[in-house]
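Structure first, then comments.
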Amino acid sequence: MVVRLGGYARISLDRDGEELGVERQRRDYRQVAGVRPGWEVARDYIDNDVSAFKRNVVRPEFEQLLVDLQSGVIDGVIAYDLDRLARQPRDLERLIDVFEERPELVFCTITNDIDLSTSDGRTMARVMVAFANKASADTGRRVARKHRELADSGKNGGGFPPFGWKADRVTVDPAQAELITKAHDALLSGTRLSTITAEWQEKGVRTSRNTEKPITRVAMKGILTNPRLAGFRAVKGEKHIGSDGKPVMGVWETVCTPEKLDAVVAVLDGVKTRYKANKLNNNHKYLLSGILRCAECGTRMMANMRASWKEGSKGSRFMYRCPASTDGGCGKVSRAGEPVDKFIVNLIHDAEARLKAPEKASIEWSGAVRLAEVEQEIGSLIEAMNGKKISAATAIAMLEPLEKERDELAYERNRHSVEQAQTAAAVVDLAEDFERLPIERQRAVVMKHIRAIVVRPAGRGARKFNPELLEVVWAA
Ligand SMILES: [Zn+2]
């Protein structure tokens, strides 16, 4: 009995170099068919230069093959491999339909033993096509990315690579990215930008733009808030908004998430101090300045160096004092600084240890759904306006309140991220040596636990530190 096979061969242009020529595929499957008793290749079905992956491409010979299999013109199919025949799951399913309808059909490939006439073979084929499909999709995305990349590089004007990336502007520079990540974490846990700048200067970090001078605070701010870090296209340091009203995304590797970037921007823009306006500002050189309050008049006490103190002197280097009446205080209460600091630090260590035990779970931000809705609405409005479905005047009138709500929600989200980051960082702090933290971090930890410390007058001549004269008001 003669088995008349349809031989299928295909070459596509999107896979260069290793591509098997159609002639070679045909020779190979004819050779295999030749050694099987009764097998003959009745017709070659050759699709040239057509990708089986691309959805919109019609492969005329493949279509003919399906028809011929269905109608019994041929008794089976032989191909170089499954990849030539079907890369789209949709094509594979159509082929499988035919084989299920006509179980007597023969199926053979040169490279592997897929047999569409068995159920195991069909399962295997589906898995293989699914994987090949994904690989092709990835390749497609890579190709598309490369194209956009080339287009972008024109606009970039071939300048210096941004800090955080290698010269190709796409690949992350691991050492620089690590610096950025660490700086972000430090900022979010309360370290000041100037402290981090000093650290970078000490390390000798340079930008590629200026390799001569130490890095500046302004340059640092630019580096740490670069929208590019989270994948956003940036124009003059701001997210670039596309015609659809959404930020345009770049094609490079990212260093952080958009949420983290927003939180960092919020911290550096002072959003944090705005929403914490009711809290004490953190711009002090001494641990408890402003946290201590005079018991006589309630005024915040500030620290200053003891004029008489010298290296090797006895007693505390500095004093906390109620300001003089000209500065709003009564000037009656003062206390040696170092013993107070030491006493409070011990209290903080205990409080941190208690807090550490049950790790605080991170809390989801409740506005996420509404923010997504608002962004969606803005997007469809702009789309409708661009598509001339509604007038620009109407669109703008509707856009304004939405944009306002979006900005408010985004602000809320940033605030939430900052709080979450601070909670997380503050709990981790204990693992570090408290004394080695920069002063603003130490103060942040203190303020997390303590709202105020009321200092009662010690009385004349009382030189010894007495903790009972301190009344700690704990934070709720
Ligand atoms: Zn006072």
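Each chain in the structure tokens gets a letter, A, B, ..., in the order shown, and its residues are numbered from 1; ligands are numbered from 1 in order too.
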TODO: Write out as a list in words all residues of segment 249-321 of chain A that DSSP puts in strand (DSSP E) for this structure's backbone.
DONE: Leu292, Arg293, Cys294, Met302, Ala303, Asn304, Met305, Phe318, Met319, Tyr320 and Arg321 of chain A
Mind dumping the selected residues with C-alpha atoms as an mmCIF file, in the first residue's frame?
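As written to disk, result-v4.cif reads:
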data_model
loop_
_atom_site.group_PDB
_atom_site.id
_atom_site.type_symbol
_atom_site.label_atom_id
_atom_site.label_comp_id
_atom_site.auth_asym_id
_atom_site.auth_seq_id
_atom_site.Cartn_x
_atom_site.Cartn_y
_atom_site.Cartn_z
ATOM 1 C CA LEU A 292 12.944 68.146 75.451
ATOM 2 C CA ARG A 293 10.535 70.662 76.936
ATOM 3 C CA CYS A 294 10.916 72.922 79.859
ATOM 4 C CA MET A 302 17.733 73.514 72.518
ATOM 5 C CA ALA A 303 21.298 72.355 72.878
ATOM 6 C CA ASN A 304 24.460 74.350 72.861
ATOM 7 C CA MET A 305 28.117 73.706 73.568
ATOM 8 C CA PHE A 318 26.888 70.424 75.779
ATOM 9 C CA MET A 319 23.755 71.550 77.596
ATOM 10 C CA TYR A 320 20.065 71.494 76.775
ATOM 11 C CA ARG A 321 18.524 74.791 77.835
#
Interface rows for chain A against ligand 1: nearest pair, Å to one decimal, 9 Å, only C-alpha atoms and all ligand atoms, as CSV:
residue,atom,partner,partner_atom_place_in_ligand_line,distance
A:Arg293,CA,ligand 1,1 (Zn),7.6
A:Cys294,CA,ligand 1,1 (Zn),4.5
A:Ala295,CA,ligand 1,1 (Zn),6.5
A:Glu296,CA,ligand 1,1 (Zn),4.9
A:Cys297,CA,ligand 1,1 (Zn),4.2
A:Gly298,CA,ligand 1,1 (Zn),6.1
A:Thr299,CA,ligand 1,1 (Zn),5.6
A:Arg300,CA,ligand 1,1 (Zn),8.1
A:Met301,CA,ligand 1,1 (Zn),7.9
A:Arg321,CA,ligand 1,1 (Zn),8.2
A:Cys322,CA,ligand 1,1 (Zn),4.8
A:Pro323,CA,ligand 1,1 (Zn),6.8
A:Ala324,CA,ligand 1,1 (Zn),7.9
A:Ser325,CA,ligand 1,1 (Zn),8.3
A:Gly328,CA,ligand 1,1 (Zn),8.4
A:Gly329,CA,ligand 1,1 (Zn),4.8
A:Cys330,CA,ligand 1,1 (Zn),3.9
A:Gly331,CA,ligand 1,1 (Zn),5.2
A:Lys332,CA,ligand 1,1 (Zn),5.5
A:Val333,CA,ligand 1,1 (Zn),5.8
A:Ser334,CA,ligand 1,1 (Zn),8.7
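Within the 9 Å cut-off around Gln70 of chain A, using only C-alpha atoms and omitting residues fewer than 5 positions from it on the same chain, the listed residues are Leu65, Val98, Phe99, Glu101 and Arg102 of chain A.
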Open item on the list: Report, in Å with one decimal, the straight-line distance from atom CA of Ala397 of chain A to atom CA of Ala384 of chain A.
Closed with: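 Pair atom CA of Ala397 of chain A / atom CA of Ala384 of chain A returns 13.4 Å.
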Task: Nearest to Val67 of chain A by atom-to-atom distance, counting only C-alpha atoms, from A:Leu95, A:Ala167, A:Leu470, A:Leu437 - done: A:Leu95
Open item on the list: List the spatial neighbours of segment 211-226 of chain A as a ChimeraX atom specification - criterion: any atom at most 9 Å away, only C-alpha atoms, same-chain residues fewer than 4 positions off excluded.
Closed with: /A:162-164,180-181,183-184,193-194,196-198,200-202,204-207,230,232,234,237-239,261-262,264-265,268
Task: Of the listed residues A:Ala444, A:Val255, A:Ala336, A:Leu116, that which approaches Lys464 of chain A most closely, counting only C-alpha atoms - done: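 For Lys464 of chain A, the nearest of the candidates is A:Ala336.
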Task: Spatial neighbours of Arg4 of chain A, max dist 8 Å, only C-alpha atoms, sep filter under 6 positions, as number ranges by chain - done: A: 39-42, 74-76
Written selection (N, CA and C atoms) as a CSV table (one decimal), in the first residue's frame:
chain,number,residue,atom,x,y,z
A,39,TRP,N,6.3,4.6,1.5
A,39,TRP,CA,6.1,6.0,1.6
A,39,TRP,C,6.6,6.7,0.4
A,40,GLU,N,5.8,7.7,-0.1
A,40,GLU,CA,6.3,8.6,-1.1
A,40,GLU,C,5.8,10.0,-0.9
A,41,VAL,N,6.6,10.9,-1.3
A,41,VAL,CA,6.2,12.3,-1.2
A,41,VAL,C,5.4,12.7,-2.4
A,42,ALA,N,4.1,12.9,-2.3
A,42,ALA,CA,3.2,13.1,-3.5
A,42,ALA,C,3.3,14.6,-3.9
A,74,ILE,N,-4.0,13.5,0.2
A,74,ILE,CA,-2.8,12.9,0.7
A,74,ILE,C,-3.1,12.2,2.0
A,75,ASP,N,-2.2,11.3,2.4
A,75,ASP,CA,-2.4,10.4,3.5
A,75,ASP,C,-1.7,10.8,4.8
A,76,GLY,N,-0.9,11.9,4.6
A,76,GLY,CA,-0.1,12.3,5.8
A,76,GLY,C,0.8,13.5,5.5
Open item on the list: Just the number, please: distance in Å from atom CA of Glu373 of chain A to atom CA of Arg413 of chain A, one decimal.
Closed with: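 That distance, rounded to one decimal, is 14.4 Å.
What separates atom CA of Arg43 of chain A from atom CA of Asp97 of chain A is a distance of 21.4 Å.
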TODO: Would you mind listing what lies within 12 Å of Glu468 of chain A as a list in words, with only C-alpha atoms counted and same-chain residues fewer than 2 positions away left out?
DONE: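 That gives Val340, Phe343, Ile453, Val454, Val455, Arg456, Pro457, Ala458, Lys464, Phe465, Asn466, Leu470, Glu471 and Val472 of chain A.
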Saved selection, atoms kept: N, CA and C atoms, as a short mmCIF file (atom, residue, chain, number, x, y, z; two decimals), in the first residue's frame:
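Output contents, as saved in part.cif:
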data_model
loop_
_atom_site.label_atom_id
_atom_site.label_comp_id
_atom_site.auth_asym_id
_atom_site.auth_seq_id
_atom_site.Cartn_x
_atom_site.Cartn_y
_atom_site.Cartn_z
N VAL A 340 21.56 62.85 79.56
CA VAL A 340 20.17 62.75 79.10
C VAL A 340 20.11 61.89 77.83
N PHE A 343 20.60 58.22 78.65
CA PHE A 343 19.42 57.65 79.30
C PHE A 343 18.31 57.37 78.27
N ILE A 453 9.86 65.03 76.01
CA ILE A 453 10.43 64.71 77.31
C ILE A 453 10.40 66.00 78.13
N VAL A 454 9.64 65.96 79.19
CA VAL A 454 9.50 67.17 80.01
C VAL A 454 10.62 67.16 81.06
N VAL A 455 11.34 68.27 81.09
CA VAL A 455 12.50 68.38 81.98
C VAL A 455 12.16 69.28 83.16
N ARG A 456 12.18 68.70 84.38
CA ARG A 456 11.87 69.51 85.55
C ARG A 456 13.15 70.14 86.10
N PRO A 457 13.01 71.30 86.71
CA PRO A 457 14.22 71.97 87.21
C PRO A 457 14.93 71.11 88.26
N ALA A 458 16.24 71.16 88.26
CA ALA A 458 17.02 70.31 89.15
C ALA A 458 17.30 70.97 90.48
N LYS A 464 24.37 66.05 90.00
CA LYS A 464 24.28 64.67 89.53
C LYS A 464 23.03 64.50 88.67
N PHE A 465 23.18 63.73 87.58
CA PHE A 465 22.04 63.50 86.69
C PHE A 465 20.97 62.67 87.40
N ASN A 466 19.74 63.14 87.37
CA ASN A 466 18.66 62.43 88.04
C ASN A 466 17.54 62.13 87.04
N LEU A 470 13.04 63.64 84.62
CA LEU A 470 12.61 63.60 83.23
C LEU A 470 11.28 62.86 83.14
N GLU A 471 10.33 63.44 82.46
CA GLU A 471 9.06 62.74 82.25
C GLU A 471 8.86 62.49 80.76
N VAL A 472 8.89 61.21 80.41
CA VAL A 472 8.82 60.86 78.99
C VAL A 472 7.35 60.77 78.54
#
TODO: Write out as a ChimeraX atom specification the residues lying within 6 Å of segment 245-253 of chain A, counting only C-alpha atoms and excluding same-chain residues fewer than 5 positions away.
DONE: /A:170-172,231-233,240,379
TODO: Going by DSSP on the backbone, which bits of segment 173-279 of chain A are alpha helix (DSSP H)? Write them as a ChimeraX atom specification, please.
DONE: /A:174-188,193-203,217-224,258-268,271-275
May I have the residues from that selection written out with C-alpha atoms, as a JSON list (two decimals), in the first residue's frame?
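Now in result.json:
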[["chain", "number", "residue", "atom", "x", "y", "z"],
["A", 174, "PRO", "CA", 25.63, 47.14, 38.70],
["A", 175, "ALA", "CA", 27.97, 49.20, 40.88],
["A", 176, "GLN", "CA", 26.22, 52.50, 40.17],
["A", 177, "ALA", "CA", 22.78, 50.93, 40.50],
["A", 178, "GLU", "CA", 23.74, 49.58, 43.89],
["A", 179, "LEU", "CA", 24.83, 53.06, 45.01],
["A", 180, "ILE", "CA", 21.48, 54.44, 43.89],
["A", 181, "THR", "CA", 19.50, 51.69, 45.60],
["A", 182, "LYS", "CA", 21.36, 52.19, 48.86],
["A", 183, "ALA", "CA", 20.90, 55.95, 48.65],
["A", 184, "HIS", "CA", 17.16, 55.49, 48.01],
["A", 185, "ASP", "CA", 16.81, 53.23, 51.02],
["A", 186, "ALA", "CA", 18.74, 55.67, 53.18],
["A", 187, "LEU", "CA", 16.61, 58.61, 52.03],
["A", 188, "LEU", "CA", 13.41, 56.71, 52.70],
["A", 193, "LEU", "CA", 20.55, 64.11, 51.07],
["A", 194, "SER", "CA", 23.58, 66.05, 52.28],
["A", 195, "THR", "CA", 24.68, 63.08, 54.40],
["A", 196, "ILE", "CA", 24.47, 60.76, 51.40],
["A", 197, "THR", "CA", 26.21, 63.29, 49.17],
["A", 198, "ALA", "CA", 29.07, 63.45, 51.67],
["A", 199, "GLU", "CA", 29.27, 59.64, 51.63],
["A", 200, "TRP", "CA", 29.49, 59.56, 47.85],
["A", 201, "GLN", "CA", 32.11, 62.29, 47.85],
["A", 202, "GLU", "CA", 34.13, 60.32, 50.34],
["A", 203, "LYS", "CA", 33.89, 57.24, 48.13],
["A", 217, "ARG", "CA", 24.20, 67.79, 46.02],
["A", 218, "VAL", "CA", 22.30, 69.06, 42.98],
["A", 219, "ALA", "CA", 23.77, 66.34, 40.78],
["A", 220, "MET", "CA", 22.84, 63.80, 43.46],
["A", 221, "LYS", "CA", 19.23, 64.94, 43.47],
["A", 222, "GLY", "CA", 19.11, 64.61, 39.70],
["A", 223, "ILE", "CA", 20.57, 61.12, 39.80],
["A", 224, "LEU", "CA", 18.31, 59.85, 42.58],
["A", 258, "PRO", "CA", 7.82, 53.53, 40.01],
["A", 259, "GLU", "CA", 6.44, 53.47, 43.58],
["A", 260, "LYS", "CA", 9.87, 53.71, 45.12],
["A", 261, "LEU", "CA", 10.86, 56.50, 42.76],
["A", 262, "ASP", "CA", 7.70, 58.41, 43.68],
["A", 263, "ALA", "CA", 8.47, 57.99, 47.36],
["A", 264, "VAL", "CA", 12.03, 59.25, 46.88],
["A", 265, "VAL", "CA", 10.82, 62.25, 44.87],
["A", 266, "ALA", "CA", 8.24, 62.95, 47.58],
["A", 267, "VAL", "CA", 10.92, 62.90, 50.25],
["A", 268, "LEU", "CA", 13.28, 65.16, 48.32],
["A", 271, "VAL", "CA", 6.24, 66.40, 50.68],
["A", 272, "LYS", "CA", 7.27, 64.59, 53.79],
["A", 273, "THR", "CA", 7.87, 67.74, 55.75],
["A", 274, "ARG", "CA", 4.63, 69.23, 54.49],
["A", 275, "TYR", "CA", 2.49, 66.37, 55.70]]
